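Structure file run.tsv (TSV, C-alpha atoms) follows.
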chain	number	residue	atom	x	y	z
W	296	MET	CA	132.31	-80.93	44.09
W	297	SER	CA	128.66	-80.18	44.84
W	298	GLY	CA	125.27	-81.84	44.47
W	299	ARG	CA	123.91	-85.00	46.00
W	300	LEU	CA	126.28	-87.82	46.69
W	301	HIS	CA	125.82	-91.04	44.76
W	302	VAL	CA	126.72	-93.82	47.20
W	303	ALA	CA	127.05	-97.57	46.74
W	304	LEU	CA	126.40	-99.58	49.91
W	305	VAL	CA	127.45	-103.23	49.71
W	306	ALA	CA	126.27	-105.84	52.23
W	307	PRO	CA	125.63	-109.58	52.51
W	308	GLY	CA	121.89	-108.99	53.01
W	309	GLY	CA	119.51	-107.56	55.57
W	310	LEU	CA	117.08	-105.46	53.51
W	311	GLY	CA	113.94	-107.41	52.73
W	312	PRO	CA	111.43	-105.42	50.65
W	313	ASP	CA	108.88	-105.22	53.49
W	314	GLY	CA	111.43	-103.97	56.04
W	315	GLN	CA	110.53	-106.77	58.46
W	316	HIS	CA	111.50	-110.17	57.09
W	317	ARG	CA	115.18	-110.94	56.43
W	318	THR	CA	115.86	-107.39	57.57
W	319	ILE	CA	118.40	-105.85	59.93
W	320	PRO	CA	116.51	-102.87	61.39
W	321	ALA	CA	119.63	-100.76	62.05
W	322	LEU	CA	120.79	-101.25	58.45
W	323	ARG	CA	117.33	-100.47	57.10
W	324	ASP	CA	117.18	-97.26	59.15
W	325	LEU	CA	120.67	-96.23	58.03
W	326	VAL	CA	119.63	-96.56	54.37
W	327	ILE	CA	116.44	-94.56	54.98
W	328	ASP	CA	118.36	-91.76	56.70
W	329	LEU	CA	121.17	-91.61	54.14
W	330	ALA	CA	118.70	-91.58	51.26
W	331	ARG	CA	117.30	-88.26	52.46
W	332	ASP	CA	120.57	-86.54	51.60
W	333	ALA	CA	122.20	-88.83	49.03
W	334	ASP	CA	121.32	-91.06	46.10
W	335	VAL	CA	121.81	-94.49	47.61
W	336	GLU	CA	122.06	-97.81	45.80
W	337	VAL	CA	122.48	-100.99	47.85
W	338	PHE	CA	124.03	-104.21	46.55
W	339	LEU	CA	123.16	-107.41	48.45
W	340	LEU	CA	124.77	-110.80	47.94
W	341	ARG	CA	122.52	-113.24	49.79
W	342	GLN	CA	119.21	-111.41	50.02
W	343	GLU	CA	117.53	-113.36	47.18
W	344	ARG	CA	118.28	-116.57	45.29
W	345	GLU	CA	117.84	-114.88	41.92
W	346	ALA	CA	119.02	-111.42	40.86
W	347	VAL	CA	116.36	-108.75	41.29
W	348	SER	CA	116.26	-104.98	41.80
W	349	TYR	CA	113.59	-103.05	43.67
W	350	ASP	CA	112.97	-99.64	45.19
W	351	ALA	CA	112.73	-99.57	48.97
W	352	PHE	CA	113.63	-97.28	51.88
W	353	GLY	CA	114.26	-94.37	49.52
W	354	ALA	CA	117.01	-96.30	47.73
W	355	LYS	CA	117.51	-98.63	44.81
W	356	ILE	CA	118.19	-102.17	46.04
W	357	HIS	CA	120.12	-104.63	43.87
W	358	ALA	CA	119.96	-108.21	45.14
W	359	VAL	CA	122.60	-109.76	42.90
W	360	GLY	CA	121.50	-113.37	43.54
W	361	GLU	CA	123.34	-116.06	45.45
W	362	PRO	CA	125.94	-118.00	43.46
W	363	ALA	CA	125.23	-121.70	43.09
W	364	PRO	CA	126.82	-123.94	45.75
W	365	GLY	CA	130.10	-125.53	44.81
W	366	ARG	CA	133.73	-124.76	44.32
W	367	ALA	CA	134.94	-121.23	45.13
W	368	VAL	CA	131.42	-120.07	46.00
W	369	ARG	CA	132.70	-117.12	48.03
W	370	VAL	CA	135.03	-116.00	45.24
W	371	ARG	CA	132.14	-116.18	42.79
W	372	GLY	CA	129.97	-114.18	45.18
W	373	THR	CA	132.59	-111.44	45.42
W	374	LEU	CA	132.92	-111.29	41.64
W	375	ARG	CA	129.14	-111.15	41.24
W	376	LEU	CA	128.99	-108.10	43.51
W	377	LEU	CA	131.92	-106.48	41.73
W	378	HIS	CA	130.34	-106.99	38.32
W	379	ALA	CA	127.06	-105.41	39.48
W	380	LEU	CA	128.89	-102.44	41.02
W	381	ARG	CA	130.88	-101.74	37.86
W	382	ARG	CA	127.81	-102.10	35.63
W	383	VAL	CA	125.82	-99.51	37.59
W	384	HIS	CA	128.85	-97.22	37.95
W	385	LYS	CA	129.20	-97.05	34.16
W	386	ARG	CA	125.60	-95.88	33.89
W	387	LYS	CA	125.84	-93.34	36.72
W	388	PRO	CA	129.23	-92.99	38.46
W	389	PHE	CA	129.37	-93.43	42.21
W	390	ASP	CA	131.13	-90.91	44.42
W	391	LEU	CA	132.22	-93.62	46.86
W	392	PHE	CA	131.73	-97.25	47.83
W	393	HIS	CA	130.88	-98.44	51.34
W	394	GLY	CA	131.38	-102.08	52.26
W	395	LEU	CA	129.34	-103.25	55.25
W	396	TRP	CA	131.19	-106.22	56.73
W	397	THR	CA	134.76	-106.76	55.57
W	398	GLN	CA	134.33	-110.11	53.84
W	399	GLU	CA	132.86	-110.50	50.33
W	400	SER	CA	130.87	-107.26	50.50
W	401	GLY	CA	133.74	-105.19	51.88
W	402	ALA	CA	136.25	-106.65	49.44
W	403	ALA	CA	133.97	-106.00	46.45
W	404	ALA	CA	133.42	-102.39	47.53
W	405	ALA	CA	137.14	-101.83	48.06
W	406	ILE	CA	138.12	-103.32	44.70
W	407	ALA	CA	135.41	-101.36	42.88
W	408	ALA	CA	136.67	-98.16	44.47
W	409	ARG	CA	140.25	-98.88	43.42
W	410	LEU	CA	139.23	-99.72	39.84
W	411	THR	CA	137.14	-96.56	39.46
W	412	GLY	CA	139.46	-94.14	41.26
W	413	ARG	CA	137.04	-93.56	44.12
W	414	ASN	CA	137.34	-93.88	47.90
W	415	ALA	CA	136.04	-96.81	49.89
W	416	VAL	CA	134.64	-97.03	53.42
W	417	ALA	CA	134.81	-100.36	55.23
W	418	SER	CA	132.66	-101.08	58.28
W	419	VAL	CA	133.36	-103.93	60.69
W	420	MET	CA	129.81	-105.07	61.43
W	421	GLY	CA	130.22	-108.54	62.92
W	422	GLY	CA	132.80	-111.19	63.64
W	423	GLU	CA	134.87	-110.68	60.52
W	424	LEU	CA	138.07	-110.06	62.51
W	425	GLU	CA	137.47	-112.88	65.00
W	426	ALA	CA	138.52	-116.53	64.99
W	427	MET	CA	136.57	-119.03	67.08
W	428	PRO	CA	137.00	-122.24	65.06
W	429	GLU	CA	135.76	-124.37	67.95
W	430	ILE	CA	132.26	-123.01	67.32
W	431	GLY	CA	132.66	-122.26	63.61
W	432	PHE	CA	132.60	-118.49	64.08
W	433	GLY	CA	134.68	-115.64	62.73
W	434	GLY	CA	136.02	-114.40	59.42
W	435	GLU	CA	139.60	-115.03	60.50
W	436	SER	CA	138.87	-118.77	60.86
W	437	SER	CA	139.45	-119.40	57.15
W	438	ALA	CA	142.23	-118.50	54.74
W	439	PHE	CA	139.72	-116.86	52.38
W	440	GLY	CA	138.26	-114.79	55.20
W	441	ARG	CA	141.70	-113.60	56.23
W	442	ARG	CA	142.50	-112.59	52.65
W	443	MET	CA	139.23	-110.68	52.32
W	444	ASN	CA	139.87	-108.81	55.57
W	445	ARG	CA	143.40	-107.91	54.57
W	446	LEU	CA	142.37	-106.71	51.10
W	447	CYS	CA	139.44	-104.67	52.41
W	448	LEU	CA	141.38	-103.02	55.24
W	449	ASP	CA	144.38	-102.30	52.99
W	450	LEU	CA	142.30	-100.50	50.34
W	451	ALA	CA	139.75	-98.62	52.47
W	452	ALA	CA	140.19	-94.87	52.96
W	453	ARG	CA	138.15	-95.05	56.18
W	454	VAL	CA	137.40	-98.00	58.44
W	455	THR	CA	134.53	-97.68	60.89
W	456	ALA	CA	134.01	-99.40	64.22
W	457	GLY	CA	130.83	-99.61	66.28
W	458	SER	CA	132.49	-100.15	69.67
W	459	GLU	CA	135.73	-99.68	71.59
W	460	PRO	CA	136.80	-103.35	71.33
W	461	ILE	CA	136.55	-103.19	67.54
W	462	GLU	CA	138.52	-99.93	67.52
W	463	GLU	CA	141.25	-101.62	69.56
W	464	THR	CA	141.31	-104.62	67.23
W	465	LEU	CA	141.61	-102.36	64.20
W	466	ARG	CA	144.40	-100.29	65.73
W	467	ALA	CA	146.36	-103.46	66.37
W	468	ARG	CA	145.80	-104.67	62.81
W	469	LEU	CA	146.61	-101.29	61.26
W	470	GLN	CA	149.74	-100.86	63.39
W	471	GLY	CA	148.39	-97.95	65.38
W	472	ASP	CA	146.56	-96.40	62.40
W	473	PRO	CA	149.24	-93.85	61.39
W	474	ARG	CA	147.06	-92.69	58.46
W	475	GLY	CA	144.11	-91.88	60.71
W	476	ARG	CA	141.68	-94.13	58.86
W	477	ILE	CA	139.77	-95.56	61.85
W	478	VAL	CA	136.55	-93.73	62.71
W	479	ARG	CA	134.06	-94.53	65.44
W	480	ALA	CA	130.69	-94.81	63.67
W	481	PRO	CA	128.17	-97.13	65.33
W	482	LEU	CA	124.80	-98.15	64.02
W	483	GLY	CA	121.87	-96.47	65.70
W	484	ILE	CA	118.35	-97.24	66.84
W	485	ASP	CA	115.06	-95.41	66.60
W	486	THR	CA	114.77	-94.37	70.24
W	487	SER	CA	111.17	-93.23	69.67
W	488	LEU	CA	110.16	-96.90	69.28
W	489	PHE	CA	111.81	-98.17	72.47
W	490	LEU	CA	110.28	-96.48	75.50
W	491	PRO	CA	110.37	-97.29	79.23
W	492	HIS	CA	107.28	-99.08	80.51
W	493	PRO	CA	107.76	-99.47	84.28
W	494	HIS	CA	105.36	-101.88	85.92
W	495	PRO	CA	104.61	-102.74	89.53
W	496	GLU	CA	106.93	-105.13	91.35
W	497	ARG	CA	105.96	-108.68	90.35
W	498	HIS	CA	106.27	-111.87	92.35
W	499	THR	CA	107.64	-113.59	89.24
W	500	PRO	CA	109.72	-111.12	87.21
W	501	LEU	CA	110.36	-111.68	83.53
W	502	LEU	CA	113.88	-111.89	82.11
W	503	LEU	CA	114.39	-111.28	78.38
W	504	ALA	CA	117.12	-112.54	76.05
W	505	ALA	CA	117.07	-111.51	72.38
W	506	GLY	CA	119.27	-112.64	69.50
W	507	SER	CA	119.76	-115.54	67.15
W	508	ILE	CA	120.12	-118.87	68.91
W	509	ASN	CA	123.59	-119.96	67.88
W	510	ARG	CA	126.89	-120.98	69.44
W	511	VAL	CA	128.36	-117.51	69.76
W	512	LYS	CA	125.37	-116.15	71.72
W	513	ASP	CA	126.00	-118.91	74.29
W	514	HIS	CA	122.44	-119.62	75.32
W	515	GLU	CA	123.71	-122.70	77.15
W	516	SER	CA	125.32	-120.48	79.77
W	517	LEU	CA	122.13	-118.41	79.88
W	518	PHE	CA	119.96	-121.46	80.57
W	519	GLU	CA	122.37	-122.81	83.19
W	520	ALA	CA	122.34	-119.42	84.89
W	521	PHE	CA	118.55	-119.29	84.76
W	522	ARG	CA	118.36	-122.73	86.37
W	523	ARG	CA	120.47	-121.39	89.25
W	524	VAL	CA	118.29	-118.27	89.51
W	525	ARG	CA	115.20	-120.47	89.82
W	526	ARG	CA	116.74	-122.27	92.81
W	527	LYS	CA	116.87	-118.97	94.68
W	528	ARG	CA	113.70	-117.12	93.63
W	529	PRO	CA	110.76	-117.18	91.20
W	530	ALA	CA	111.47	-115.90	87.68
W	531	ARG	CA	110.53	-116.48	84.06
W	532	LEU	CA	112.71	-116.23	80.96
W	533	LEU	CA	111.53	-115.24	77.48
W	534	VAL	CA	113.90	-116.08	74.61
W	535	ALA	CA	113.36	-114.26	71.31
W	536	GLY	CA	115.40	-115.16	68.25
W	537	GLU	CA	115.71	-117.43	65.25
W	538	ASP	CA	116.81	-120.92	66.27
W	539	THR	CA	119.75	-121.88	64.05
W	540	LEU	CA	120.47	-124.99	66.15
W	541	GLN	CA	117.34	-126.89	65.06
W	542	GLY	CA	115.81	-127.21	68.53
W	543	GLU	CA	118.91	-128.65	70.21
W	544	LEU	CA	118.83	-126.23	73.15
W	545	GLU	CA	115.06	-126.34	73.52
W	546	LEU	CA	115.34	-130.11	74.01
W	547	LYS	CA	118.04	-129.62	76.64
W	548	THR	CA	115.92	-127.14	78.58
W	549	ARG	CA	113.00	-129.57	78.58
W	550	GLU	CA	115.26	-132.29	79.91
W	551	ALA	CA	116.43	-129.86	82.61
W	552	GLY	CA	112.84	-129.26	83.71
W	553	LEU	CA	112.64	-125.61	82.70
W	554	THR	CA	109.59	-125.92	80.47
W	555	SER	CA	107.06	-124.04	82.59
W	556	GLU	CA	109.32	-121.05	83.35
W	557	LEU	CA	110.90	-120.63	79.90
W	558	VAL	CA	109.03	-119.11	76.96
W	559	TRP	CA	110.39	-119.70	73.45
W	560	PHE	CA	109.06	-116.79	71.42
W	561	GLY	CA	110.92	-117.76	68.26
W	562	PHE	CA	111.92	-115.31	65.54
W	563	ALA	CA	110.62	-111.83	66.35
W	564	LEU	CA	109.87	-109.31	63.62
W	565	PRO	CA	111.42	-105.88	64.22
W	566	ARG	CA	107.99	-104.41	64.85
W	567	GLU	CA	107.38	-106.97	67.62
W	568	MET	CA	110.51	-106.19	69.63
W	569	PRO	CA	109.38	-102.98	71.42
W	570	ALA	CA	106.50	-104.85	73.06
W	571	LEU	CA	108.84	-107.61	74.26
W	572	TYR	CA	111.19	-105.10	75.89
W	573	ALA	CA	108.21	-103.33	77.43
W	574	GLU	CA	107.00	-106.54	79.06
W	575	ALA	CA	110.36	-107.50	80.58
W	576	ASP	CA	111.87	-106.59	83.95
W	577	LEU	CA	115.52	-107.30	83.11
W	578	PHE	CA	117.58	-107.95	79.97
W	579	VAL	CA	120.23	-110.68	79.96
W	580	HIS	CA	122.93	-111.05	77.30
W	581	THR	CA	125.47	-113.89	77.52
W	582	SER	CA	127.12	-113.65	74.10
W	583	ARG	CA	130.78	-114.52	73.56
W	584	PHE	CA	131.14	-111.76	70.98
W	585	GLU	CA	129.40	-108.67	69.59
W	586	SER	CA	130.90	-106.09	67.28
W	587	GLN	CA	128.52	-103.54	68.77
W	588	GLY	CA	125.39	-105.04	70.31
W	589	VAL	CA	122.35	-103.22	68.92
W	590	VAL	CA	120.02	-105.28	71.14
W	591	LEU	CA	121.78	-103.80	74.16
W	592	LEU	CA	120.90	-100.33	72.90
W	593	GLU	CA	117.27	-101.32	72.26
W	594	ALA	CA	116.98	-102.75	75.77
W	595	ALA	CA	118.68	-99.67	77.21
W	596	ALA	CA	116.37	-97.26	75.37
W	597	SER	CA	113.47	-99.27	76.80
W	598	GLY	CA	114.74	-98.47	80.29
W	599	LEU	CA	115.64	-102.06	81.13
W	600	PRO	CA	118.39	-102.92	83.60
W	601	ILE	CA	120.96	-104.99	81.72
W	602	VAL	CA	123.20	-107.89	82.72
W	603	SER	CA	125.72	-108.62	79.96
W	604	THR	CA	129.05	-110.15	79.18
W	605	ALA	CA	131.77	-107.63	78.26
W	606	VAL	CA	131.06	-107.61	74.52
W	607	GLY	CA	130.58	-104.75	72.06
W	608	ILE	CA	129.45	-101.57	73.79
W	609	ALA	CA	128.70	-103.33	77.10
W	610	GLN	CA	131.88	-102.14	78.81
W	611	GLU	CA	131.14	-98.55	77.82
W	612	MET	CA	127.67	-99.02	79.27
W	613	GLU	CA	129.11	-100.33	82.53
W	614	ARG	CA	131.37	-97.28	82.86
W	615	ALA	CA	128.28	-95.10	82.43
W	616	GLY	CA	126.45	-97.08	85.13
W	617	ALA	CA	124.10	-98.41	82.46
W	618	ALA	CA	124.81	-102.17	82.69
W	619	ARG	CA	126.25	-104.86	84.96
W	620	ILE	CA	129.06	-106.94	83.45
W	621	VAL	CA	129.41	-110.68	84.06
W	622	ARG	CA	132.05	-113.19	83.09
W	623	PRO	CA	131.36	-115.19	79.90
W	624	ALA	CA	130.48	-118.87	80.22
W	625	ASP	CA	130.14	-118.50	84.01
W	626	PRO	CA	126.56	-119.44	84.95
W	627	ASP	CA	127.17	-118.93	88.69
W	628	HIS	CA	128.39	-115.35	88.21
W	629	ILE	CA	125.59	-114.57	85.74
W	630	ALA	CA	122.95	-115.99	88.10
W	631	ASP	CA	124.32	-114.12	91.12
W	632	GLU	CA	124.15	-110.78	89.31
W	633	ILE	CA	120.62	-111.47	88.09
W	634	VAL	CA	119.42	-112.40	91.58
W	635	ARG	CA	121.16	-109.37	93.10
W	636	LEU	CA	119.23	-107.06	90.77
W	637	LEU	CA	115.93	-108.89	91.06
W	638	ASP	CA	116.16	-108.53	94.85
W	639	ASP	CA	116.89	-104.77	94.64
W	640	PRO	CA	114.14	-102.81	92.84
W	641	ALA	CA	115.85	-99.47	93.51
W	642	ALA	CA	119.09	-100.65	91.89
W	643	ARG	CA	117.13	-101.95	88.88
W	644	ALA	CA	115.35	-98.63	88.46
W	645	ALA	CA	118.59	-96.64	88.69
W	646	LEU	CA	120.36	-98.93	86.23
W	647	GLY	CA	117.44	-98.72	83.80
W	648	GLU	CA	117.38	-94.92	83.90
W	649	LYS	CA	121.10	-94.65	83.23
W	650	ALA	CA	120.71	-97.15	80.42
W	651	ARG	CA	118.00	-95.01	78.84
W	652	LEU	CA	120.22	-91.93	78.99
W	653	PHE	CA	123.13	-93.86	77.48
W	654	ALA	CA	121.01	-95.10	74.56
W	655	ALA	CA	119.90	-91.56	73.72
W	656	GLY	CA	123.38	-90.92	72.34
W	657	PHE	CA	122.86	-93.69	69.77
W	658	ASP	CA	119.66	-92.39	68.22
W	659	ARG	CA	119.66	-93.07	64.49
W	660	THR	CA	119.59	-89.36	63.65
W	661	ILE	CA	122.98	-89.00	65.36
W	662	THR	CA	124.62	-92.15	64.04
W	663	SER	CA	123.42	-91.81	60.45
W	664	ALA	CA	124.70	-88.23	60.35
W	665	LYS	CA	128.16	-89.54	61.25
W	666	PHE	CA	128.24	-91.80	58.19
W	667	LEU	CA	127.11	-88.94	55.96
W	668	GLU	CA	129.87	-86.77	57.45
W	669	ILE	CA	132.44	-89.44	56.53
W	670	TYR	CA	131.14	-89.57	52.97
W	671	GLN	CA	131.25	-85.81	52.54
W	672	GLU	CA	134.77	-85.64	53.95
W	673	LEU	CA	135.98	-88.29	51.51
W	674	ARG	CA	134.40	-86.53	48.55
W	675	ARG	CA	136.37	-83.40	49.43
W	676	GLU	CA	139.68	-85.30	49.49
Rewrite the structure from the file as structure tokens, please.
Amino acid sequence: MSGRLHVALVAPGGLGPDGQHRTIPALRDLVIDLARDADVEVFLLRQEREAVSYDAFGAKIHAVGEPAPGRAVRVRGTLRLLHALRRVHKRKPFDLFHGLWTQESGAAAAIAARLTGRNAVASVMGGELEAMPEIGFGGESSAFGRRMNRLCLDLAARVTAGSEPIEETLRARLQGDPRGRIVRAPLGIDTSLFLPHPHPERHTPLLLAAGSINRVKDHESLFEAFRRVRRKRPARLLVAGEDTLQGELELKTREAGLTSELVWFGFALPREMPALYAEADLFVHTSRFESQGVVLLEAAASGLPIVSTAVGIAQEMERAGAARIVRPADPDHIADEIVRLLDDPAARAALGEKARLFAAGFDRTITSAKFLEIYQELRRE
């Protein structure tokens, strides 16, 4: 077969029309890059309340509209995506279907592929294969989520992972992957936007944490660690991210007396993030889980030394000398590593340089080309 590929991408959301609000930058960039070489149509479940289609990022975007709350809402969401996929396919057949996240979006893509005789790609993009019911996190925490994962992984011709831990999880689930379906294909970043900005040694260095404020990111351990850092030396902490806990942690930090040293930036637009990295002296990440950890790559490309729990690509970064790993939910260990780096400018500089070199391998031009390679391979099968 020849000619441009016609590809259906299916996702929960993450592509607001302006590319800034309700947008996942790595997903937006992937769509832009793929659309240069393929005809891309994107189907989004929770992007808008009502169904609407619009042209953006070189692609046609179909926000199918959220199903009304109530019984079997996730089943109805999956069916809504499937109906939209089949309707567009009848008008102009797709060459393949790609489900981003293996829940409703991945299941709809996989079913559509089976019904139309096409191949499906499934990408594990978050915590779909995890179960942390104590904090309400993970697709495996519910019977429906487990069924969606099983259906998606059973039907997909290729399953992509953004990090080694996800690859290992998939190999265990797919019994060693005898059919060779697992492919390493991470999301990328625009390294031209995230540049090192070294500044003179400061009496009060600035730590940066970025990511949604929720249970899985474990900001409580971060704040406890920061309190311990402050007992040993001056420092400030800037926290950027949407607060999904309705101010609960902000109240706790005020009660702990951290008000003057802690800056709550709030939700940061993608275009605002490069300046935040540029202002910081060290990046701290205390999450309990990441499927990949795009913020780690952004911080690394910005030349920041990184202290992180062993989530997503962090262990690979440590092996490359590009990050320091700390134990999760261990404020003493986190604080000790932060202080050790703050007290050693040469070590910070060396770590930041290795981080920058590591991130160069995840430039969006490289990672997007890998997805296109997968598509072309499947079309030839």
Kindly indicate which residue among W:Gly561, W:Pro312, W:Gly394, W:Pro364 lies nearest to W:Phe352, using only C-alpha atoms for the distances.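 Closest candidate: W:Pro312.
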Just how far from atom CA of W:Ser436 is atom CA of W:Ala363, in Å to one decimal?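 A separation of 22.6 Å between them.
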What is the distance between atom CA of W:Ser400 and atom CA of W:Ala306, in Å to one decimal? 5.1 Å
Go ahead and find all residues with at least one atom no further than 10 Å from (128.5, -103.2, 51.8) in the file's coordinates, using only C-alpha atoms; report them as a PyMOL selection string. chain W and resi 303-308+337-340+376+392-405+416-418+420
Could you write out the selected residues, including C-alpha atoms, as an mmCIF file, in the coordinates of the input?
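Printed below is selection.cif as written:
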data_model
loop_
_atom_site.group_PDB
_atom_site.id
_atom_site.type_symbol
_atom_site.label_atom_id
_atom_site.label_comp_id
_atom_site.auth_asym_id
_atom_site.auth_seq_id
_atom_site.Cartn_x
_atom_site.Cartn_y
_atom_site.Cartn_z
ATOM 1 C CA ALA W 303 127.050 -97.570 46.740
ATOM 2 C CA LEU W 304 126.400 -99.580 49.910
ATOM 3 C CA VAL W 305 127.450 -103.230 49.710
ATOM 4 C CA ALA W 306 126.270 -105.840 52.230
ATOM 5 C CA PRO W 307 125.630 -109.580 52.510
ATOM 6 C CA GLY W 308 121.890 -108.990 53.010
ATOM 7 C CA VAL W 337 122.480 -100.990 47.850
ATOM 8 C CA PHE W 338 124.030 -104.210 46.550
ATOM 9 C CA LEU W 339 123.160 -107.410 48.450
ATOM 10 C CA LEU W 340 124.770 -110.800 47.940
ATOM 11 C CA LEU W 376 128.990 -108.100 43.510
ATOM 12 C CA PHE W 392 131.730 -97.250 47.830
ATOM 13 C CA HIS W 393 130.880 -98.440 51.340
ATOM 14 C CA GLY W 394 131.380 -102.080 52.260
ATOM 15 C CA LEU W 395 129.340 -103.250 55.250
ATOM 16 C CA TRP W 396 131.190 -106.220 56.730
ATOM 17 C CA THR W 397 134.760 -106.760 55.570
ATOM 18 C CA GLN W 398 134.330 -110.110 53.840
ATOM 19 C CA GLU W 399 132.860 -110.500 50.330
ATOM 20 C CA SER W 400 130.870 -107.260 50.500
ATOM 21 C CA GLY W 401 133.740 -105.190 51.880
ATOM 22 C CA ALA W 402 136.250 -106.650 49.440
ATOM 23 C CA ALA W 403 133.970 -106.000 46.450
ATOM 24 C CA ALA W 404 133.420 -102.390 47.530
ATOM 25 C CA ALA W 405 137.140 -101.830 48.060
ATOM 26 C CA VAL W 416 134.640 -97.030 53.420
ATOM 27 C CA ALA W 417 134.810 -100.360 55.230
ATOM 28 C CA SER W 418 132.660 -101.080 58.280
ATOM 29 C CA MET W 420 129.810 -105.070 61.430
#
From the options W:Val602, W:Pro491, W:Ala630, W:Ala654, which residue's atoms come nearest to W:Ala570, counting all atoms listed in the file?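 Of the candidates, the smallest distance to W:Ala570 is held by W:Pro491.
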For the atom pair atom CA of W:Phe578 and atom CA of W:Arg479, what is the interatomic distance in Å to one decimal place? 25.7 Å
Write out as a PyMOL selection string each polymer residue whose atoms come within 8 Å of W:Leu502, counting only C-alpha atoms; drop sequence neighbours fewer than 5 positions from it. chain W and resi 530-533+575-579
Any idea what's packed within 10 Å of W:Ile430, counting all atoms listed in the file, ignoring anything in its chain fewer than 3 positions away? Could you give it as a count of residues only? 6
Quick one: residues within 9 Å of (131.0, -95.1, 38.5) (file frame), counting all atoms listed in the file, please, as an mmCIF file with C-alpha atoms, in the coordinates of the input.
data_model
loop_
_atom_site.group_PDB
_atom_site.id
_atom_site.type_symbol
_atom_site.label_atom_id
_atom_site.label_comp_id
_atom_site.auth_asym_id
_atom_site.auth_seq_id
_atom_site.Cartn_x
_atom_site.Cartn_y
_atom_site.Cartn_z
ATOM 1 C CA LEU W 380 128.890 -102.440 41.020
ATOM 2 C CA ARG W 381 130.880 -101.740 37.860
ATOM 3 C CA ARG W 382 127.810 -102.100 35.630
ATOM 4 C CA VAL W 383 125.820 -99.510 37.590
ATOM 5 C CA HIS W 384 128.850 -97.220 37.950
ATOM 6 C CA LYS W 385 129.200 -97.050 34.160
ATOM 7 C CA ARG W 386 125.600 -95.880 33.890
ATOM 8 C CA LYS W 387 125.840 -93.340 36.720
ATOM 9 C CA PRO W 388 129.230 -92.990 38.460
ATOM 10 C CA PHE W 389 129.370 -93.430 42.210
ATOM 11 C CA ASP W 390 131.130 -90.910 44.420
ATOM 12 C CA LEU W 391 132.220 -93.620 46.860
ATOM 13 C CA ALA W 407 135.410 -101.360 42.880
ATOM 14 C CA ALA W 408 136.670 -98.160 44.470
ATOM 15 C CA THR W 411 137.140 -96.560 39.460
ATOM 16 C CA GLY W 412 139.460 -94.140 41.260
ATOM 17 C CA ARG W 413 137.040 -93.560 44.120
#
Which residues are close to W:Val606, i.e. within 10 Å by all atoms listed in the file, leaving aside same-chain residues fewer than 4 positions away? Reply as a PyMOL selection string. chain W and resi 458-461+580-588+610-611+620+623
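Comparing the minimum interatomic distances between W:Asp485 and each of W:Ala595, W:Leu300, W:Leu374, W:Val335, counting only C-alpha atoms, we find that W:Ala595 sits nearest.
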If we count all atoms listed in the file, what is near stretch 475-478 of chain W at a cut-off of 8 Å, once residues fewer than 6 positions away on the same chain are taken out, given as a VMD selection string? chain W and resid 452 to 456 462 465 to 466
Between W:Val621, W:Leu325, W:Leu571, W:Leu546, which residue has the minimum interatomic distance to W:Leu667, considering only C-alpha atoms?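 Ranking W:Val621, W:Leu325, W:Leu571, W:Leu546 by distance to W:Leu667, first place goes to W:Leu325.
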Restricting the calculation to only C-alpha atoms: of W:Ala644, W:Arg331, W:Pro529, W:Ile508, which residue gets closest to W:Gln541?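 Smallest distance to W:Gln541 is found for W:Ile508.
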